[in-house]
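K.L.:
So here's data-v4.csv, just CSV, C-alpha atoms and all ligand atoms:
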```
chain,number,residue,atom,x,y,z
A,1,MET,CA,126.0,103.7,61.1
A,2,SER,CA,126.5,101.0,58.5
A,3,ASN,CA,124.5,97.8,58.7
A,4,GLY,CA,125.4,94.3,57.7
A,5,ILE,CA,124.5,95.0,54.1
A,6,ASP,CA,127.3,97.6,53.5
A,7,ARG,CA,129.9,95.7,55.4
A,8,LYS,CA,130.2,92.8,57.9
A,9,GLN,CA,130.5,94.1,61.4
A,10,ARG,CA,133.8,92.9,62.9
A,11,GLU,CA,133.2,95.2,65.9
A,12,ILE,CA,131.0,95.1,69.0
A,13,TYR,CA,129.2,98.2,70.2
A,14,ILE,CA,129.3,99.2,73.9
A,15,ASN,CA,127.7,102.1,75.7
A,16,GLU,CA,129.0,104.1,78.6
A,17,ASN,CA,128.2,101.3,81.0
A,18,GLY,CA,130.7,99.1,79.1
A,19,VAL,CA,127.9,96.7,77.9
A,20,ARG,CA,126.5,95.8,74.5
A,21,PHE,CA,123.0,96.9,73.6
A,22,MET,CA,122.2,95.5,70.2
A,23,ASN,CA,122.9,93.0,67.6
A,24,GLU,CA,125.6,94.9,65.7
A,25,TYR,CA,124.9,92.8,62.6
A,26,ASP,CA,121.2,93.8,62.5
A,27,LEU,CA,120.1,94.8,59.1
A,28,HIS,CA,117.2,97.0,60.1
A,29,ALA,CA,118.3,100.6,59.9
A,30,ASP,CA,115.3,101.9,61.8
A,31,GLU,CA,115.8,99.5,64.7
A,32,ARG,CA,119.5,100.4,64.9
A,33,GLU,CA,118.7,104.1,65.0
A,34,GLN,CA,116.1,103.6,67.8
A,35,LEU,CA,118.5,101.6,69.9
A,36,VAL,CA,121.3,104.1,69.6
A,37,LEU,CA,119.0,107.0,70.6
A,38,GLN,CA,118.3,105.1,73.8
A,39,GLN,CA,121.9,104.9,74.9
A,40,PRO,CA,123.3,107.3,77.6
A,41,ASN,CA,124.3,110.6,76.0
A,42,ARG,CA,123.3,109.0,72.7
A,43,ARG,CA,126.8,107.7,72.1
A,44,PHE,CA,128.7,104.4,72.0
A,45,TRP,CA,132.0,102.9,71.1
A,46,LEU,CA,133.0,100.4,68.5
A,47,ILE,CA,135.4,97.9,70.1
A,48,PHE,CA,137.6,95.7,67.9
A,49,ASP,CA,141.0,94.2,67.9
A,50,HIS,CA,144.0,94.4,65.5
A,51,ILE,CA,142.9,91.4,63.4
A,52,ALA,CA,139.5,92.9,62.8
A,53,LEU,CA,141.0,96.3,61.9
A,54,TYR,CA,142.8,94.7,58.9
A,55,ASP,CA,140.2,92.3,57.7
A,56,GLY,CA,138.2,93.9,54.9
A,57,THR,CA,137.2,97.5,54.4
A,58,CYS,CA,138.0,100.0,57.2
A,59,VAL,CA,135.3,100.7,59.7
A,60,VAL,CA,135.5,104.4,58.8
A,61,PRO,CA,134.6,104.8,55.1
A,62,GLN,CA,137.5,106.1,53.0
A,63,TRP,CA,140.1,105.6,55.8
A,64,THR,CA,142.8,103.0,55.7
A,65,PRO,CA,143.7,101.1,58.8
A,66,GLU,CA,146.9,103.1,59.0
A,67,GLN,CA,144.9,106.3,59.1
A,68,LEU,CA,142.8,104.9,61.9
A,69,ILE,CA,145.9,104.0,63.9
A,70,GLU,CA,147.3,107.5,63.3
A,71,GLU,CA,144.0,109.0,64.6
A,72,SER,CA,144.2,106.8,67.7
A,73,LYS,CA,147.4,108.6,68.7
A,74,LYS,CA,145.4,111.8,69.1
A,75,GLU,CA,142.9,110.0,71.5
A,76,LYS,CA,140.0,112.2,70.4
A,77,ALA,CA,137.7,109.9,68.5
A,78,VAL,CA,139.8,106.7,68.4
A,79,TRP,CA,141.8,105.1,71.2
A,80,GLN,CA,144.1,102.1,71.3
A,81,ALA,CA,145.6,100.1,74.1
A,82,GLN,CA,147.5,96.9,74.7
A,83,THR,CA,145.0,95.6,77.2
A,84,ILE,CA,141.2,95.9,77.6
A,85,GLU,CA,141.7,97.3,81.1
A,86,VAL,CA,143.7,100.3,79.8
A,87,LEU,CA,141.4,100.8,76.9
A,88,ALA,CA,138.4,101.0,79.3
A,89,GLN,CA,140.3,103.5,81.4
A,90,LYS,CA,141.1,105.6,78.4
A,91,ILE,CA,137.5,105.9,77.3
A,92,ASN,CA,136.2,106.1,80.8
A,93,VAL,CA,133.9,103.0,80.9
A,94,PRO,CA,133.8,100.5,83.8
A,95,VAL,CA,136.8,98.2,83.4
A,96,ASP,CA,135.1,95.1,84.9
A,97,ALA,CA,132.0,95.6,82.8
A,98,LEU,CA,133.9,95.9,79.5
A,99,GLN,CA,136.1,92.9,80.3
A,100,GLN,CA,133.0,90.9,81.1
A,101,THR,CA,131.3,92.1,77.9
A,102,ILE,CA,134.3,91.0,75.8
A,103,ASN,CA,134.6,87.7,77.6
A,104,ASN,CA,130.9,87.0,76.9
A,105,TYR,CA,131.2,88.0,73.3
A,106,ASN,CA,134.4,85.9,72.7
A,107,GLN,CA,132.5,82.9,74.2
A,108,TYR,CA,129.6,83.6,71.7
A,109,CYS,CA,132.2,83.5,68.9
A,110,LYS,CA,133.4,80.1,70.1
A,111,THR,CA,129.9,78.6,70.4
A,112,LYS,CA,128.5,80.5,67.4
A,113,THR,CA,125.6,81.5,69.5
A,114,ASP,CA,125.0,85.0,70.9
A,115,THR,CA,122.6,84.4,73.7
A,116,GLU,CA,122.1,88.1,74.5
A,117,TYR,CA,121.4,89.7,71.1
A,118,ALA,CA,121.2,86.8,68.6
A,119,ARG,CA,124.0,88.3,66.5
A,120,THR,CA,124.7,85.8,63.7
A,121,TYR,CA,128.0,87.1,62.4
A,122,LEU,CA,130.4,85.9,65.0
A,123,GLU,CA,133.7,85.6,63.2
A,124,HIS,CA,135.9,88.1,65.1
A,125,PRO,CA,136.5,87.5,68.8
A,126,VAL,CA,138.3,90.4,70.5
A,127,THR,CA,141.5,88.7,71.4
A,128,THR,CA,144.5,90.3,69.7
A,129,ALA,CA,146.2,93.4,70.9
A,130,PRO,CA,146.3,96.3,70.3
A,131,TYR,CA,142.6,96.9,71.0
A,132,TYR,CA,140.7,99.8,69.6
A,133,ALA,CA,137.7,101.9,70.6
A,134,LEU,CA,136.0,104.3,68.1
A,135,LEU,CA,133.5,106.8,69.5
A,136,VAL,CA,130.2,107.3,67.7
A,137,TYR,CA,127.5,109.9,68.4
A,138,ALA,CA,123.9,109.8,67.2
A,139,TYR,CA,123.3,112.8,64.9
A,140,SER,CA,120.6,114.2,62.8
A,141,LEU,CA,121.3,114.3,59.1
A,142,ILE,CA,117.9,115.6,58.1
A,143,SER,CA,114.8,117.0,59.6
A,144,PHE,CA,111.6,114.9,59.8
A,145,GLY,CA,109.3,117.7,60.9
A,146,GLY,CA,108.4,120.5,58.5
A,147,ILE,CA,105.8,122.8,57.0
A,148,ASP,CA,102.4,121.3,56.2
A,149,VAL,CA,101.3,121.6,52.5
A,150,ASN,CA,98.3,120.5,50.4
A,151,GLU,CA,98.6,118.5,47.2
A,152,ASN,CA,99.5,121.7,45.3
A,153,LEU,CA,102.3,122.4,47.7
A,154,GLN,CA,100.5,125.4,49.1
A,155,VAL,CA,101.4,126.0,52.7
A,156,LEU,CA,98.7,125.3,55.2
A,157,LYS,CA,97.7,127.3,58.3
A,158,GLU,CA,97.0,125.6,61.6
A,159,ASP,CA,93.3,125.5,60.7
A,160,GLY,CA,94.1,123.5,57.5
A,161,ILE,CA,93.3,126.4,55.2
A,162,CYS,CA,96.0,127.2,52.7
A,163,PHE,CA,97.7,130.5,52.0
A,164,GLU,CA,96.9,131.5,48.5
A,165,ASN,CA,100.3,132.4,47.2
A,166,LEU,CA,102.7,130.7,49.6
A,167,TYR,CA,104.3,127.4,48.4
A,168,ALA,CA,106.9,125.1,49.9
A,169,ALA,CA,109.2,122.4,48.6
A,170,GLY,CA,112.3,120.6,49.7
A,171,GLU,CA,113.6,119.7,53.1
A,172,ILE,CA,111.4,122.4,54.7
A,173,LEU,CA,108.5,120.0,54.2
A,174,GLY,CA,110.3,117.5,56.5
A,175,ALA,CA,111.4,114.0,55.6
A,176,ALA,CA,108.3,112.5,57.1
A,177,ALA,CA,106.3,113.9,54.2
A,178,THR,CA,107.9,111.5,51.8
A,179,SER,CA,109.6,108.9,54.0
A,180,GLY,CA,107.3,108.4,56.9
A,181,HIS,CA,108.9,107.4,60.2
A,182,ALA,CA,112.0,105.7,58.8
A,183,PHE,CA,115.2,107.3,57.4
A,184,CYS,CA,115.6,106.3,53.8
A,185,GLY,CA,118.9,107.3,52.3
A,186,GLY,CA,118.6,109.4,49.1
A,187,MET,CA,115.0,110.2,49.6
A,188,LEU,CA,115.3,114.0,50.1
A,189,LEU,CA,117.1,115.4,47.0
A,190,THR,CA,114.8,113.7,44.6
A,191,PRO,CA,111.6,115.1,46.2
A,192,ALA,CA,113.2,118.5,46.6
A,193,LEU,CA,114.2,118.6,42.9
A,194,SER,CA,110.9,117.1,41.7
A,195,PHE,CA,108.6,119.4,43.8
A,196,GLY,CA,110.8,122.4,42.9
A,197,LYS,CA,110.5,121.6,39.2
A,198,TYR,CA,106.8,121.0,39.6
A,199,LEU,CA,106.3,124.4,41.2
A,200,GLY,CA,108.6,126.1,38.7
A,201,GLU,CA,106.6,124.7,35.8
A,202,SER,CA,103.1,125.1,37.2
A,203,LEU,CA,103.2,128.6,38.8
B,1,LIG,C1,125.7,115.7,55.0
B,1,LIG,C2,124.4,115.5,54.2
B,1,LIG,C3,124.3,114.5,53.3
B,1,LIG,C4,123.1,114.3,52.6
B,1,LIG,N1,123.1,113.3,51.7
B,1,LIG,C5,121.9,113.1,51.0
B,1,LIG,C6,121.8,112.1,50.0
B,1,LIG,O1,122.8,111.4,49.7
B,1,LIG,N2,120.7,112.0,49.3
B,1,LIG,C7,119.6,112.8,49.5
B,1,LIG,O2,118.6,112.6,48.9
B,1,LIG,N3,119.7,113.7,50.5
B,1,LIG,C8,120.8,113.9,51.2
B,1,LIG,N4,120.8,114.9,52.2
B,1,LIG,C9,119.7,115.8,52.4
B,1,LIG,C10,119.6,116.8,51.2
B,1,LIG,O3,120.9,117.3,50.9
B,1,LIG,C11,118.7,118.0,51.6
B,1,LIG,O4,117.5,117.5,52.1
B,1,LIG,C12,118.5,118.8,50.4
B,1,LIG,O5,119.7,119.3,49.9
B,1,LIG,C13,117.5,120.0,50.8
B,1,LIG,O6,117.4,120.8,49.7
B,1,LIG,P1,116.6,122.1,49.9
B,1,LIG,O7,116.7,122.8,48.5
B,1,LIG,O8,115.3,121.9,50.4
B,1,LIG,O9,117.4,122.9,51.0
B,1,LIG,P2,118.9,123.4,51.0
B,1,LIG,O10,119.7,122.6,50.1
B,1,LIG,O11,119.2,123.5,52.5
B,1,LIG,O12,118.8,124.9,50.4
B,1,LIG,C14,118.3,126.0,51.2
B,1,LIG,C15,119.0,127.2,50.7
B,1,LIG,O13,118.4,128.3,51.3
B,1,LIG,C16,119.4,129.2,51.7
B,1,LIG,N5,118.9,130.1,52.7
B,1,LIG,C17,118.6,129.8,54.0
B,1,LIG,N6,118.1,130.9,54.6
B,1,LIG,C18,118.0,131.9,53.6
B,1,LIG,C19,117.6,133.2,53.6
B,1,LIG,N7,117.0,133.8,54.7
B,1,LIG,N8,117.7,133.9,52.5
B,1,LIG,C20,118.2,133.4,51.4
B,1,LIG,N9,118.6,132.1,51.3
B,1,LIG,C21,118.5,131.4,52.4
B,1,LIG,C22,120.5,128.3,52.2
B,1,LIG,O14,121.8,129.0,52.2
B,1,LIG,C23,120.5,127.2,51.2
B,1,LIG,O15,121.3,127.4,50.0
B,1,LIG,C24,122.0,115.1,52.9
B,1,LIG,C25,122.1,116.2,53.8
B,1,LIG,C26,123.3,116.3,54.5
B,1,LIG,C27,123.4,117.5,55.5
```
Output the file's structure as structure tokens, nothing else.
Ligand SMILES: Cc1cc2nc3c(=O)[nH]c(=O)nc-3n(C[C@H](O)[C@H](O)[C@H](O)COP(=O)(O)OP(=O)(O)OC[C@H]3O[C@@H](n4cnc5c(N)ncnc54)[C@H](O)[C@@H]3O)c2cc1C

P.N.:
Amino acid sequence: MSNGIDRKQREIYINENGVRFMNEYDLHADEREQLVLQQPNRRFWLIFDHIALYDGTCVVPQWTPEQLIEESKKEKAVWQAQTIEVLAQKINVPVDALQQTINNYNQYCKTKTDTEYARTYLEHPVTTAPYYALLVYAYSLISFGGIDVNENLQVLKEDGICFENLYAAGEILGAAATSGHAFCGGMLLTPALSFGKYLGESL
């Protein structure tokens, strides 16, 4: 899920209850991830209107707006409708809740103050049909847990004693070994290659 550094969010995010749950423009990747994980069924929809679709880069990297519209005809990951009511029915979220959420957000765009989530980028009210919904699921790209090793990359037993001739490197160590709690893009290949090289040269 991109943050406000990659691209300015023209969308709002709503969960299965038809309500927002975060500042969509939040720059903190870790906080964004944690909030998404708390949503029912770990999924949410991006809601946006026709003007937002065409303003700047497409919400789906490497897609054009036309591709997104084409996808919406399949109604599998993207939906479109001429009214918010029909859009809510298509994605099976409460109509009244979604309508209220959008009314509130549009008001925040007018006053330039989001009293719920303090979003600061408020340039795109959801006002111009057709309206779109894009379904997003939380997913795991990498594994944080892994095999414990000592400073020589020797695999440790439960009691902390190492196996003499068993070494480990790469993602099998778990991302937490090099990144801690937070996901940090690009921080797996380099340790995998470096530790592999180290073992290859030192054994
Ligand atoms: C979609 C995606 C995008 C990613 N993008 C990035 C990125 O941009 N930057 C970054 O740093 N990291 C990225 N990662 C993570 C990174 O790719 C992995 O952490 C890294 O490739 C792990 O390397 P590895 O050698 O430890 O394991 P792997 O690359 O998984 O290699 C393990 C190998 O072991 C083989 N194998 C498994 N079981 C057996 C067996 N029993 N016998 C023989 N062989 C076996 C597998 O087939 C595989 O070839 C991404 C991961 C994914 C899934």

K.L.:
Counting all atoms listed in the file, what are the residues of chain A within 10 Å of ligand LIG 1 (chain B), and for each of them which pair of atoms is the nearest and at what distance in Å, to one decimal? Sort the table by chain and rising number, as a Markdown table.

P.N.:
```
| residue | atom | partner | partner_atom | distance |
| --- | --- | --- | --- | --- |
| A:Ser140 | CA | B:LIG1 | C27 | 8.5 |
| A:Leu141 | CA | B:LIG1 | C27 | 5.3 |
| A:Ile142 | CA | B:LIG1 | C9 | 6.0 |
| A:Ser143 | CA | B:LIG1 | O4 | 8.0 |
| A:Ala168 | CA | B:LIG1 | O8 | 9.0 |
| A:Ala169 | CA | B:LIG1 | O8 | 6.4 |
| A:Gly170 | CA | B:LIG1 | O8 | 3.3 |
| A:Glu171 | CA | B:LIG1 | O8 | 3.9 |
| A:Ile172 | CA | B:LIG1 | O8 | 5.8 |
| A:Leu173 | CA | B:LIG1 | O8 | 8.0 |
| A:Gly174 | CA | B:LIG1 | O4 | 8.4 |
| A:Ala175 | CA | B:LIG1 | O4 | 7.9 |
| A:Cys184 | CA | B:LIG1 | O2 | 8.5 |
| A:Gly185 | CA | B:LIG1 | N2 | 5.9 |
| A:Gly186 | CA | B:LIG1 | O2 | 3.2 |
| A:Met187 | CA | B:LIG1 | O2 | 4.4 |
| A:Leu188 | CA | B:LIG1 | O2 | 3.8 |
| A:Leu189 | CA | B:LIG1 | O2 | 3.7 |
| A:Thr190 | CA | B:LIG1 | O2 | 5.8 |
| A:Pro191 | CA | B:LIG1 | O2 | 7.9 |
| A:Ala192 | CA | B:LIG1 | O8 | 5.5 |
| A:Leu193 | CA | B:LIG1 | O7 | 7.4 |
| A:Phe195 | CA | B:LIG1 | O8 | 9.7 |
| A:Gly196 | CA | B:LIG1 | O7 | 8.1 |
```

K.L.:
Got a sec: who's within 10 Å of A:His181, counting all atoms listed in the file, leaving out chain neighbours fewer than 4 positions off, as a PyMOL selection string?

P.N.:
chain A and resi 30+144+175-177

K.L.:
Name all residues at most 12 Å from stretch 77-87 of chain A (count all atoms listed in the file; drop same-chain ones fewer than 5 positions away) and give them as a PyMOL selection string.

P.N.:
chain A and resi 18+43-50+53+59-60+65+67-72+92-103+126-137

K.L.:
Which residues are near stretch 21-29 of chain A? Cut-off 8 Å, all atoms listed in the file, ignore same chain within fewer than 6 positions. Put them as a PyMOL selection string.

P.N.:
chain A and resi 3-5+8-9+11-15+35+117-121+183

K.L.:
Kindly give the distance, in Å, that separates atom CA of A:Lys76 and atom CA of A:Ala138, rounded to a single decimal.

P.N.:
16.6 Å

K.L.:
May I ask for the distance between atom CA of A:Glu164 and atom CA of A:Gly146, given in Å to one decimal place?

P.N.:
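Atom CA of A:Gly146 lies 18.8 Å from atom CA of A:Glu164.
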
K.L.:
What does the structure give for the distance between atom CA of A:Gly145 and atom CA of A:Gly160, in Å to one decimal?

P.N.:
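Here the two named atoms are 16.6 Å from each other.
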
K.L.:
Looking at all atoms listed in the file, which of A:Pro125, A:Tyr198, A:Ser179, A:Lys110 is the one that sits closest to A:Glu151?

P.N.:
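Under the stated criterion, the closest residue is A:Tyr198.
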